[in-house]
>>> print(open('input_23.txt').read())   # compact mmCIF, C-alpha atoms
# COMPACT_ATOMS: atom_id res chain seq x y z
CA MET S 249 139.60 91.96 123.78
CA ALA S 250 136.56 93.10 121.81
CA LYS S 251 136.29 91.95 118.23
CA LYS S 252 137.05 94.47 115.50
CA TYR S 253 134.70 94.18 112.53
CA GLY S 254 135.71 94.62 108.92
CA PHE S 255 133.16 96.72 107.01
CA GLY S 256 132.36 96.95 103.33
CA ILE S 257 130.09 99.59 101.81
CA VAL S 258 127.93 99.00 98.72
CA GLY S 259 127.21 102.36 97.12
CA ALA S 260 129.79 105.10 96.61
CA GLY S 261 127.39 108.04 96.59
CA MET S 262 126.47 110.73 99.13
CA ILE S 263 125.03 108.36 101.74
CA GLY S 264 127.92 105.93 101.34
CA ALA S 265 130.25 108.74 102.43
CA TYR S 266 128.31 109.09 105.69
CA HIS S 267 128.58 105.34 106.19
CA ALA S 268 132.35 105.56 105.76
CA GLU S 269 132.61 108.40 108.27
CA ALA S 270 130.46 106.50 110.78
CA VAL S 271 132.67 103.41 110.47
CA ARG S 272 135.79 105.57 110.86
CA GLN S 273 134.47 106.89 114.17
CA LEU S 274 133.83 103.43 115.65
CA PRO S 275 136.68 101.89 117.67
CA ASN S 276 135.57 98.35 116.83
CA ALA S 277 135.14 98.82 113.08
CA GLU S 278 137.43 99.26 110.10
CA LEU S 279 136.49 100.00 106.49
CA LYS S 280 138.02 97.40 104.18
CA ALA S 281 136.35 97.95 100.80
CA VAL S 282 133.65 99.68 98.80
CA CYS S 283 131.61 98.41 95.85
CA ASP S 284 129.82 100.37 93.14
CA THR S 285 128.92 99.30 89.60
CA ALA S 286 129.28 102.83 88.17
CA PRO S 287 132.60 102.95 86.26
CA GLY S 288 135.38 104.38 88.43
CA ALA S 289 133.08 105.30 91.35
CA ALA S 290 134.34 102.66 93.79
CA GLU S 291 137.99 103.30 92.97
CA LYS S 292 137.60 107.05 93.51
CA PHE S 293 135.71 106.49 96.77
CA GLY S 294 138.31 103.96 97.91
CA GLU S 295 141.19 106.34 97.28
CA LYS S 296 139.50 108.99 99.38
CA CYS S 297 138.66 106.62 102.24
CA GLY S 298 141.80 104.48 102.16
CA CYS S 299 140.21 101.20 101.10
CA ARG S 300 139.92 98.95 98.03
CA GLY S 301 137.26 99.69 95.41
CA TYR S 302 135.33 97.01 93.50
CA GLY S 303 133.01 97.08 90.52
CA SER S 304 131.93 93.46 91.08
CA LEU S 305 129.62 92.60 94.00
CA ASP S 306 130.64 88.93 94.05
CA GLU S 307 134.33 89.77 94.15
CA PHE S 308 133.70 92.33 96.87
CA LEU S 309 131.66 89.88 98.99
CA SER S 310 134.31 87.17 98.59
CA ARG S 311 136.75 89.07 100.80
CA ASP S 312 137.36 87.14 104.02
CA ASP S 313 138.11 90.29 106.02
CA ILE S 314 134.65 91.80 105.52
CA ASP S 315 132.28 90.86 108.35
CA VAL S 316 129.56 93.48 107.82
CA ILE S 317 128.32 95.22 104.69
CA THR S 318 126.26 98.38 104.60
CA VAL S 319 123.93 99.11 101.69
CA ALA S 320 123.72 102.68 100.37
CA THR S 321 122.34 102.16 96.87
CA PRO S 322 118.98 103.14 95.28
CA SER S 323 116.05 101.73 97.25
CA GLY S 324 114.85 99.11 94.79
CA THR S 325 118.28 97.42 94.69
CA HIS S 326 118.62 96.74 98.42
CA ALA S 327 117.10 93.25 98.57
CA GLU S 328 119.33 91.76 95.90
CA ILE S 329 122.47 93.05 97.64
CA ALA S 330 121.31 92.06 101.13
CA ILE S 331 120.42 88.52 100.02
CA ALA S 332 123.80 88.16 98.31
CA ALA S 333 125.45 89.26 101.56
CA ALA S 334 123.63 86.52 103.47
CA LYS S 335 124.75 83.90 100.94
CA HIS S 336 128.35 85.00 101.51
CA GLY S 337 127.92 84.85 105.30
CA LYS S 338 128.07 88.60 105.85
CA HIS S 339 126.06 90.60 108.35
CA CYS S 340 124.14 93.40 106.62
CA ILE S 341 122.90 96.88 107.53
CA ALA S 342 120.70 98.43 104.82
CA GLU S 343 119.59 102.01 104.35
CA LYS S 344 115.95 102.98 104.50
CA PRO S 345 113.81 101.58 103.04
CA LEU S 346 115.03 98.01 103.53
CA ASP S 347 113.46 97.52 100.11
CA ILE S 348 110.34 98.77 98.33
CA THR S 349 108.03 95.73 98.59
CA LEU S 350 107.11 93.56 101.55
CA GLU S 351 107.81 90.44 99.50
CA ARG S 352 111.41 91.49 98.92
CA ILE S 353 111.87 92.54 102.54
CA ASP S 354 110.53 89.18 103.72
CA ALA S 355 112.96 87.42 101.36
CA VAL S 356 115.85 89.38 102.87
CA ILE S 357 114.76 88.53 106.42
CA GLU S 358 114.44 84.85 105.48
CA ALA S 359 117.86 84.78 103.79
CA HIS S 360 119.65 86.14 106.86
CA GLU S 361 117.73 83.90 109.26
CA LYS S 362 118.71 80.90 107.13
CA ALA S 363 122.37 82.01 106.97
CA GLY S 364 122.57 82.80 110.68
CA THR S 365 123.75 86.33 109.94
CA LYS S 366 122.41 89.55 111.45
CA LEU S 367 120.26 91.96 109.47
CA GLY S 368 119.76 95.58 110.42
CA GLY S 369 117.96 98.60 109.05
CA ILE S 370 119.05 102.22 109.20
CA PHE S 371 116.75 104.69 110.92
CA ASN S 372 119.41 107.03 112.22
CA TYR S 373 116.93 109.68 113.39
CA ARG S 374 115.91 107.40 116.26
CA TYR S 375 119.35 108.08 117.73
CA MET S 376 118.96 111.86 118.04
CA PRO S 377 119.02 112.98 121.71
CA THR S 378 115.53 114.47 121.36
CA ALA S 379 114.16 111.24 119.85
CA LYS S 380 115.54 109.26 122.79
CA LEU S 381 113.93 111.65 125.28
CA PHE S 382 110.64 111.42 123.34
CA LYS S 383 110.68 107.62 123.41
CA GLN S 384 111.52 107.60 127.12
CA ALA S 385 108.54 109.84 127.90
CA VAL S 386 106.23 107.50 125.96
CA GLU S 387 107.59 104.42 127.76
CA GLN S 388 107.12 106.16 131.12
CA GLY S 389 103.45 106.75 130.29
CA ARG S 390 103.78 110.51 130.67
CA PHE S 391 101.29 111.26 127.86
CA GLY S 392 98.50 109.36 129.59
CA LYS S 393 96.14 107.78 127.08
CA LEU S 394 97.55 108.42 123.61
CA THR S 395 95.03 110.27 121.44
CA PHE S 396 96.79 111.82 118.43
CA GLY S 397 100.02 111.55 116.46
CA LEU S 398 101.43 113.63 113.59
CA ALA S 399 104.14 112.95 111.02
CA TYR S 400 104.75 116.09 108.96
CA GLY S 401 107.45 116.44 106.30
CA PRO S 402 106.96 119.72 104.38
CA TRP S 403 109.94 119.53 102.05
CA TRP S 404 111.01 120.78 98.64
CA ARG S 405 113.00 119.13 95.84
CA ASP S 406 113.61 120.96 92.57
CA GLN S 407 113.12 119.32 89.18
CA ALA S 408 116.87 118.82 88.77
CA TYR S 409 116.86 116.50 91.78
CA TYR S 410 114.48 114.11 90.02
CA ASP S 411 116.13 114.43 86.61
CA LYS S 412 119.54 113.42 87.97
CA GLY S 413 120.47 109.74 87.89
CA GLY S 414 117.46 108.39 86.04
CA TRP S 415 116.03 106.38 88.94
CA ARG S 416 114.55 109.03 91.21
CA GLY S 417 110.79 109.37 91.01
CA THR S 418 110.30 105.87 89.57
CA TRP S 419 108.19 103.08 91.04
CA GLN S 420 110.65 100.39 89.98
CA ILE S 421 113.77 101.75 91.71
CA ASP S 422 112.69 104.60 94.03
CA GLY S 423 109.58 102.70 95.11
CA GLY S 424 107.63 105.90 95.63
CA GLY S 425 108.18 109.58 96.16
CA ALA S 426 107.75 111.97 99.08
CA LEU S 427 106.69 109.12 101.39
CA MET S 428 109.03 106.26 100.49
CA ASN S 429 112.12 108.37 99.90
CA GLN S 430 111.85 111.44 102.13
CA GLY S 431 109.00 110.87 104.59
CA ILE S 432 109.95 107.38 105.72
CA HIS S 433 112.10 108.62 108.63
CA THR S 434 109.23 110.73 109.97
CA ILE S 435 106.73 107.90 109.55
CA ASP S 436 109.10 105.49 111.30
CA LEU S 437 109.43 107.86 114.25
CA LEU S 438 105.64 108.20 114.45
CA GLN S 439 104.99 104.46 114.60
CA TRP S 440 107.96 103.94 116.95
CA LEU S 441 106.40 106.39 119.40
CA MET S 442 102.67 105.80 118.87
CA GLY S 443 102.67 102.05 118.25
CA PRO S 444 101.40 99.95 115.34
CA VAL S 445 99.07 101.40 112.72
CA LYS S 446 95.75 99.60 112.20
CA ARG S 447 94.29 101.33 109.11
CA VAL S 448 94.89 104.24 106.75
CA THR S 449 92.89 106.44 104.38
CA ALA S 450 94.99 108.50 102.00
CA PHE S 451 95.44 110.79 99.01
CA CYS S 452 98.59 111.07 96.89
CA LYS S 453 99.30 113.39 93.95
CA CYS S 454 102.13 114.77 91.84
CA LEU S 455 101.56 118.53 91.88
CA ALA S 456 104.85 120.33 91.38
CA HIS S 457 107.09 118.17 89.20
CA GLU S 458 107.32 116.73 85.70
CA ARG S 459 108.61 113.43 84.36
CA ILE S 460 108.16 111.49 87.58
CA GLU S 461 105.82 108.54 88.17
CA VAL S 462 105.34 109.00 91.91
CA GLU S 463 103.79 111.39 94.42
CA ASP S 464 105.34 114.65 95.51
CA THR S 465 102.42 115.39 97.88
CA ALA S 466 100.68 112.92 100.19
CA THR S 467 98.26 113.03 103.11
CA ALA S 468 96.78 110.22 105.17
CA THR S 469 94.55 109.75 108.17
CA VAL S 470 95.72 106.86 110.32
CA GLU S 471 94.20 104.87 113.15
CA PHE S 472 96.57 103.18 115.56
CA GLU S 473 95.96 99.84 117.23
CA ASN S 474 95.71 101.61 120.60
CA GLY S 475 92.71 103.60 119.29
CA ALA S 476 94.51 106.90 118.76
CA LEU S 477 94.16 108.80 115.49
CA GLY S 478 96.83 110.56 113.48
CA THR S 479 97.85 112.42 110.36
CA VAL S 480 100.69 111.83 107.92
CA ALA S 481 101.55 114.65 105.51
CA CYS S 482 104.77 114.50 103.50
CA THR S 483 105.79 116.43 100.41
CA THR S 484 108.60 117.52 98.14
CA SER S 485 106.31 120.19 96.65
CA MET S 486 106.40 122.89 99.34
CA TRP S 487 108.97 125.53 98.47
CA PRO S 488 111.30 126.37 100.18
CA GLY S 489 110.81 123.43 102.55
CA HIS S 490 111.09 123.57 106.33
CA PHE S 491 111.51 121.39 109.40
CA ARG S 492 109.85 118.01 109.69
CA MET S 493 107.75 117.46 112.78
CA VAL S 494 106.63 114.45 114.81
CA GLU S 495 104.00 115.12 117.45
CA VAL S 496 102.49 112.86 120.11
CA SER S 497 99.53 113.93 122.23
CA GLY S 498 97.53 112.32 124.98
CA THR S 499 95.33 113.05 127.97
CA ASN S 500 98.31 114.13 130.08
CA GLY S 501 100.76 115.73 127.67
CA THR S 502 101.88 116.90 124.25
CA ALA S 503 105.37 116.89 122.75
CA ALA S 504 106.51 117.69 119.24
CA MET S 505 109.97 117.23 117.76
CA ALA S 506 110.96 119.65 114.99
CA ASP S 507 113.99 118.11 113.27
CA GLN S 508 116.56 117.83 116.09
CA GLU S 509 114.82 120.16 118.56
CA PHE S 510 111.54 120.25 120.44
CA PHE S 511 108.63 122.43 119.37
CA PHE S 512 106.48 121.50 122.41
CA TRP S 513 107.33 119.69 125.64
CA GLN S 514 104.32 119.98 127.94
CA PHE S 515 103.01 117.56 130.58
CA ARG S 516 100.21 117.77 133.12
CA ASP S 517 102.53 116.37 135.79
CA GLU S 518 105.81 118.28 135.55
CA SER S 519 109.09 116.51 136.24
CA PRO S 520 112.22 118.33 137.49
CA VAL S 521 113.96 117.44 134.22
CA ASP S 522 111.31 119.05 132.00
CA GLN S 523 112.56 122.61 132.39
CA GLU S 524 116.12 121.44 131.69
CA ILE S 525 114.91 119.75 128.50
CA ARG S 526 113.06 122.88 127.40
CA GLU S 527 116.08 125.08 128.09
CA LYS S 528 118.37 122.82 126.09
CA TYR S 529 116.17 121.69 123.20
CA LEU S 530 113.13 123.95 122.87
CA LYS S 531 114.09 126.21 119.98
CA PHE S 532 112.38 127.98 117.09
CA PRO S 533 113.00 128.01 114.27
CA ALA S 534 114.52 124.55 114.33
CA VAL S 535 117.52 123.77 112.17
CA SER S 536 116.10 122.34 108.96
CA VAL S 537 117.67 118.99 108.08
CA GLY S 538 117.29 118.12 104.40
CA ALA S 539 114.23 120.29 103.80
CA SER S 540 115.39 121.45 100.37
CA ASN S 541 118.88 119.91 100.12
CA PRO S 542 119.31 116.16 100.78
CA SER S 543 122.65 116.63 102.54
CA ALA S 544 121.92 119.85 104.46
CA GLY S 545 122.49 119.50 108.19
CA LEU S 546 123.23 115.79 107.94
CA THR S 547 126.07 114.32 109.99
CA ALA S 548 127.36 110.80 110.58
CA ASP S 549 126.37 110.83 114.25
CA GLY S 550 123.10 108.93 113.87
CA HIS S 551 124.64 106.37 111.52
CA ARG S 552 127.51 105.84 113.95
CA GLU S 553 125.12 105.08 116.81
CA ASN S 554 122.96 102.93 114.53
CA PHE S 555 126.04 100.88 113.53
CA ALA S 556 127.32 100.69 117.12
CA ASP S 557 123.95 99.35 118.30
CA PHE S 558 124.07 96.73 115.54
CA LEU S 559 127.60 95.60 116.43
CA LYS S 560 126.67 95.34 120.12
CA ALA S 561 123.83 93.00 119.13
CA VAL S 562 126.27 90.90 117.06
CA ASP S 563 128.67 90.72 120.02
CA GLU S 564 125.86 89.62 122.33
CA GLY S 565 124.27 87.17 119.87
CA ARG S 566 120.84 88.86 119.84
CA ARG S 567 118.64 90.66 117.33
CA PRO S 568 119.61 94.28 116.60
CA PRO S 569 117.11 96.87 117.93
CA ILE S 570 116.36 97.86 114.32
CA ASP S 571 116.29 94.43 112.71
CA GLY S 572 114.55 93.43 109.49
CA ILE S 573 111.16 93.09 111.16
CA GLU S 574 111.47 96.55 112.71
CA ALA S 575 112.69 98.13 109.47
CA ARG S 576 109.71 96.58 107.65
CA LYS S 577 107.10 98.52 109.65
CA ALA S 578 107.44 101.96 108.04
CA VAL S 579 107.46 100.42 104.56
CA GLN S 580 104.24 98.54 105.34
CA ILE S 581 102.54 101.78 106.40
CA ILE S 582 103.70 103.61 103.26
CA LEU S 583 102.56 100.82 100.96
CA ALA S 584 99.15 100.83 102.67
CA ILE S 585 98.93 104.59 102.06
CA TYR S 586 99.74 104.04 98.38
CA GLU S 587 97.08 101.34 98.13
CA SER S 588 94.47 103.56 99.77
CA ALA S 589 95.30 106.48 97.47
CA ARG S 590 95.13 104.21 94.42
CA THR S 591 91.86 102.49 95.33
CA GLY S 592 90.07 105.28 97.18
CA ARG S 593 89.44 102.91 100.07
CA THR S 594 90.49 102.59 103.68
CA VAL S 595 93.24 99.95 103.92
CA GLU S 596 93.73 97.65 106.89
CA LEU S 597 97.28 96.68 107.84
CA LYS S 598 97.77 92.99 108.49
>>> encode(input="input_23.txt", output="structure tokens")
Amino acid sequence: MAKKYGFGIVGAGMIGAYHAEAVRQLPNAELKAVCDTAPGAAEKFGEKCGCRGYGSLDEFLSRDDIDVITVATPSGTHAEIAIAAAKHGKHCIAEKPLDITLERIDAVIEAHEKAGTKLGGIFNYRYMPTAKLFKQAVEQGRFGKLTFGLAYGPWWRDQAYYDKGGWRGTWQIDGGGALMNQGIHTIDLLQWLMGPVKRVTAFCKCLAHERIEVEDTATATVEFENGALGTVACTTSMWPGHFRMVEVSGTNGTAAMADQEFFFWQFRDESPVDQEIREKYLKFPAVSVGASNPSAGLTADGHRENFADFLKAVDEGRRPPIDGIEARKAVQIILAIYESARTGRTVELK
């Protein structure tokens, strides 16, 4: 009989609710508790989800029936929670970004390796049907020699979004702006499809908001290790906001994913399945997921598959597909973009 895993969620906000729904949908998982330091937040969340609420992380992590914790707190708090989970012998799945500095991410990876526990990141957009088809086409070599990749996130956030909570738009807790908070999913998909980034040259500005420390508009030219070039452009300054796009081009094909649909799906050598894919997924305009509202169009489906993949890895005693090392990659690219924008120089990724 397959093991059933007890889950605990740290963070009783909007994303934590999606975590709870994803756990509820898994046959081999059960939500046991939630933790949040905001007064009354965990108790209210627990009542709604049928689990115990805690205001103390240590007390929460001391429960013997919690095998896995998920982290759904502000970005700059992830490492502390994930390291505490390792010390208590708990597996851990953390929201994007795994944390906001490479030093903290490396400390989290080391803590879980030392404890013998599994560490996973959340990049739920990799689990969309279109993303899976995109990745399959890359692995089959259908694009020929890769030449160009695009990560485009033309989004909008109003001033009230940044004013709420006190941590958004700060370097210390948010770790960045349109790139680190919103664009990271798009950047992760780009590197997942195109391969590792070698160097970046970038510009970042705050153009449409007040009282924030970070960028709301960013552009970068990237060179990949395979020699291809690319562009990253992510914003929260483009009213009203529309669909994000990831495009991959090569000598034998071009495909572009617009949110959960395809914008292009064209190959020099047609396959019988291509027309079926176009009929099912090629749509315009695409449904806009989160373009101006963080929760718009979001479901628990991607999180559920992300969690299921993690639990399968635990069952089989192997690294999760999105482990700490994999979750680190998008953060490294974003931090290199920030460094390039700050220094005015091209930055090499190591």
>>> closest_residue(input="input_23.txt", among="S:Gly301, S:Pro345, S:Gly337, S:Pro377", to="Val316 in chain S", atoms="all atoms listed in the file")
S:Gly337
>>> atom_distance(input="input_23.txt", atom1="CA of Ala539 in chain S", atom2="CA of Val579 in chain S")
21.0 Å
>>> residues_around(input="input_23.txt", residues="Glu574 in chain S", least_positions_apart="3", cutoff="10 Å", atoms="only C-alpha atoms", output="compact mmCIF listing (two decimals) with C-alpha atoms, keeping the file's coordinate frame")
# COMPACT_ATOMS: atom_id res chain seq x y z
CA LEU S 346 115.03 98.01 103.53
CA GLY S 368 119.76 95.58 110.42
CA GLY S 369 117.96 98.60 109.05
CA PHE S 371 116.75 104.69 110.92
CA ASP S 436 109.10 105.49 111.30
CA TRP S 440 107.96 103.94 116.95
CA PRO S 568 119.61 94.28 116.60
CA PRO S 569 117.11 96.87 117.93
CA ILE S 570 116.36 97.86 114.32
CA ASP S 571 116.29 94.43 112.71
CA LYS S 577 107.10 98.52 109.65
CA ALA S 578 107.44 101.96 108.04
CA VAL S 579 107.46 100.42 104.56
>>> closest_residue(input="input_23.txt", among="S:Val480, S:Val496, S:Leu427, S:Ala330", to="Ile582 in chain S", atoms="all atoms listed in the file")
S:Leu427
>>> closest_atom_pairs(input="input_23.txt", of="range 486-587 of chain S", to="range 380-403 of chain S", cutoff="7 Å", atoms="all atoms listed in the file", output="Markdown table")
| residue | atom | partner | partner_atom | distance |
| --- | --- | --- | --- | --- |
| S:Met486 | CA | S:Trp403 | CA | 5.6 |
| S:Gly489 | CA | S:Trp403 | CA | 4.0 |
| S:His490 | CA | S:Pro402 | CA | 6.0 |
| S:Phe491 | CA | S:Pro402 | CA | 7.0 |
| S:Arg492 | CA | S:Gly401 | CA | 4.4 |
| S:Met493 | CA | S:Tyr400 | CA | 5.0 |
| S:Val494 | CA | S:Ala399 | CA | 4.8 |
| S:Glu495 | CA | S:Leu398 | CA | 4.9 |
| S:Val496 | CA | S:Gly397 | CA | 4.6 |
| S:Ser497 | CA | S:Phe396 | CA | 5.1 |
| S:Gly498 | CA | S:Leu394 | CA | 4.1 |
| S:Thr499 | CA | S:Gly392 | CA | 5.1 |
| S:Asn500 | CA | S:Phe391 | CA | 4.7 |
| S:Gly501 | CA | S:Phe391 | CA | 4.5 |
| S:Thr502 | CA | S:Phe391 | CA | 6.7 |
| S:Ala539 | CA | S:Trp403 | CA | 4.7 |
| S:Ser540 | CA | S:Trp403 | CA | 6.0 |
>>> closest_residue(input="input_23.txt", among="S:Arg516, S:Lys344, S:Lys280, S:Arg576", to="Val356 in chain S", atoms="all atoms listed in the file")
S:Arg576
>>> closest_residue(input="input_23.txt", among="S:Ile331, S:Met442, S:Cys297, S:Ile348", to="Ala476 in chain S", atoms="all atoms listed in the file")
S:Met442
>>> closest_residue(input="input_23.txt", among="S:Ile421, S:Leu546, S:Ala281, S:Ile525", to="Tyr302 in chain S", atoms="all atoms listed in the file")
S:Ala281
>>> residues_near_point(input="input_23.txt", point="(120.1, 94.8, 98.0)", cutoff="10 Å", atoms="all atoms listed in the file", output="MDAnalysis selection string")
chainID S and resid 258 318:333 340 342:343 346:347 352:353 356
>>> atom_distance(input="input_23.txt", atom1="CA of Phe555 in chain S", atom2="CA of Thr378 in chain S")
18.9 Å
>>> closest_residue(input="input_23.txt", among="S:Pro488, S:Gly364, S:Gly414, S:Gly475", to="Arg566 in chain S", atoms="all atoms listed in the file")
S:Gly364
>>> atom_distance(input="input_23.txt", atom1="CA of Glu269 in chain S", atom2="CA of Lys292 in chain S")
15.6 Å
>>> residues_around(input="input_23.txt", residues="Ala556 in chain S", least_positions_apart="2", cutoff="12 Å", atoms="all atoms listed in the file", output="VMD selection string")
chain S and resid 252 to 253 267 270 to 277 316 341 368 370 372 375 549 to 554 558 to 563 568 to 570
>>> residues_around(input="input_23.txt", residues="Ser485 in chain S", least_positions_apart="4", cutoff="12 Å", atoms="only C-alpha atoms", output="list of chain:residue names")
S:Gly401, S:Pro402, S:Trp403, S:Trp404, S:Arg405, S:Asp406, S:Gln407, S:Gly425, S:Ala426, S:Gln430, S:Cys452, S:Lys453, S:Cys454, S:Leu455, S:Ala456, S:His457, S:Glu458, S:Glu463, S:Asp464, S:Thr465, S:Ala466, S:Ala481, S:Gly489, S:His490, S:Ala539, S:Ser540
>>> build_atoms(input="input_23.txt", residues="range 444-470 of chain S", atoms="N, CA and C atoms", output="tab-separated table (two decimals), in the coordinates of the input")
chain	number	residue	atom	x	y	z
S	444	PRO	N	101.79	100.43	116.66
S	444	PRO	CA	101.40	99.95	115.34
S	444	PRO	C	100.18	100.67	114.76
S	445	VAL	N	100.20	100.81	113.44
S	445	VAL	CA	99.07	101.40	112.72
S	445	VAL	C	98.09	100.31	112.33
S	446	LYS	N	96.80	100.58	112.50
S	446	LYS	CA	95.75	99.60	112.20
S	446	LYS	C	95.17	99.80	110.81
S	447	ARG	N	94.87	101.06	110.43
S	447	ARG	CA	94.29	101.33	109.11
S	447	ARG	C	94.63	102.74	108.66
S	448	VAL	N	94.56	102.92	107.33
S	448	VAL	CA	94.89	104.24	106.75
S	448	VAL	C	93.88	104.59	105.66
S	449	THR	N	93.65	105.89	105.51
S	449	THR	CA	92.89	106.44	104.38
S	449	THR	C	93.70	107.60	103.82
S	450	ALA	N	93.97	107.58	102.51
S	450	ALA	CA	94.99	108.50	102.00
S	450	ALA	C	94.70	109.07	100.63
S	451	PHE	N	95.41	110.16	100.33
S	451	PHE	CA	95.44	110.79	99.01
S	451	PHE	C	96.90	111.05	98.64
S	452	CYS	N	97.25	110.78	97.39
S	452	CYS	CA	98.59	111.07	96.89
S	452	CYS	C	98.48	111.70	95.50
S	453	LYS	N	99.28	112.74	95.26
S	453	LYS	CA	99.30	113.39	93.95
S	453	LYS	C	100.70	113.87	93.62
S	454	CYS	N	100.94	114.06	92.32
S	454	CYS	CA	102.13	114.77	91.84
S	454	CYS	C	101.67	116.14	91.38
S	455	LEU	N	102.09	117.18	92.10
S	455	LEU	CA	101.56	118.53	91.88
S	455	LEU	C	102.59	119.54	91.41
S	456	ALA	N	103.87	119.29	91.64
S	456	ALA	CA	104.85	120.33	91.38
S	456	ALA	C	106.00	119.90	90.47
S	457	HIS	N	105.97	118.67	89.98
S	457	HIS	CA	107.09	118.17	89.20
S	457	HIS	C	106.63	117.51	87.90
S	458	GLU	N	107.57	117.39	86.98
S	458	GLU	CA	107.32	116.73	85.70
S	458	GLU	C	108.21	115.50	85.59
S	459	ARG	N	107.79	114.59	84.70
S	459	ARG	CA	108.61	113.43	84.36
S	459	ARG	C	108.91	112.52	85.55
S	460	ILE	N	108.02	112.48	86.52
S	460	ILE	CA	108.16	111.49	87.58
S	460	ILE	C	106.85	110.70	87.69
S	461	GLU	N	106.97	109.45	88.11
S	461	GLU	CA	105.82	108.54	88.17
S	461	GLU	C	105.11	108.58	89.52
S	462	VAL	N	105.76	109.17	90.52
S	462	VAL	CA	105.34	109.00	91.91
S	462	VAL	C	104.80	110.30	92.49
S	463	GLU	N	104.39	110.23	93.74
S	463	GLU	CA	103.79	111.39	94.42
S	463	GLU	C	104.85	112.37	94.91
S	464	ASP	N	104.54	113.66	94.82
S	464	ASP	CA	105.34	114.65	95.51
S	464	ASP	C	104.55	115.30	96.65
S	465	THR	N	103.28	114.86	96.82
S	465	THR	CA	102.42	115.39	97.88
S	465	THR	C	101.50	114.26	98.36
S	466	ALA	N	101.49	114.02	99.66
S	466	ALA	CA	100.68	112.92	100.19
S	466	ALA	C	100.13	113.26	101.56
S	467	THR	N	98.88	112.89	101.79
S	467	THR	CA	98.26	113.03	103.11
S	467	THR	C	97.53	111.74	103.45
S	468	ALA	N	97.50	111.43	104.73
S	468	ALA	CA	96.78	110.22	105.17
S	468	ALA	C	96.26	110.42	106.58
S	469	THR	N	95.08	109.88	106.82
S	469	THR	CA	94.55	109.75	108.17
S	469	THR	C	94.83	108.33	108.63
S	470	VAL	N	95.38	108.19	109.82
S	470	VAL	CA	95.72	106.86	110.32
S	470	VAL	C	95.02	106.59	111.64
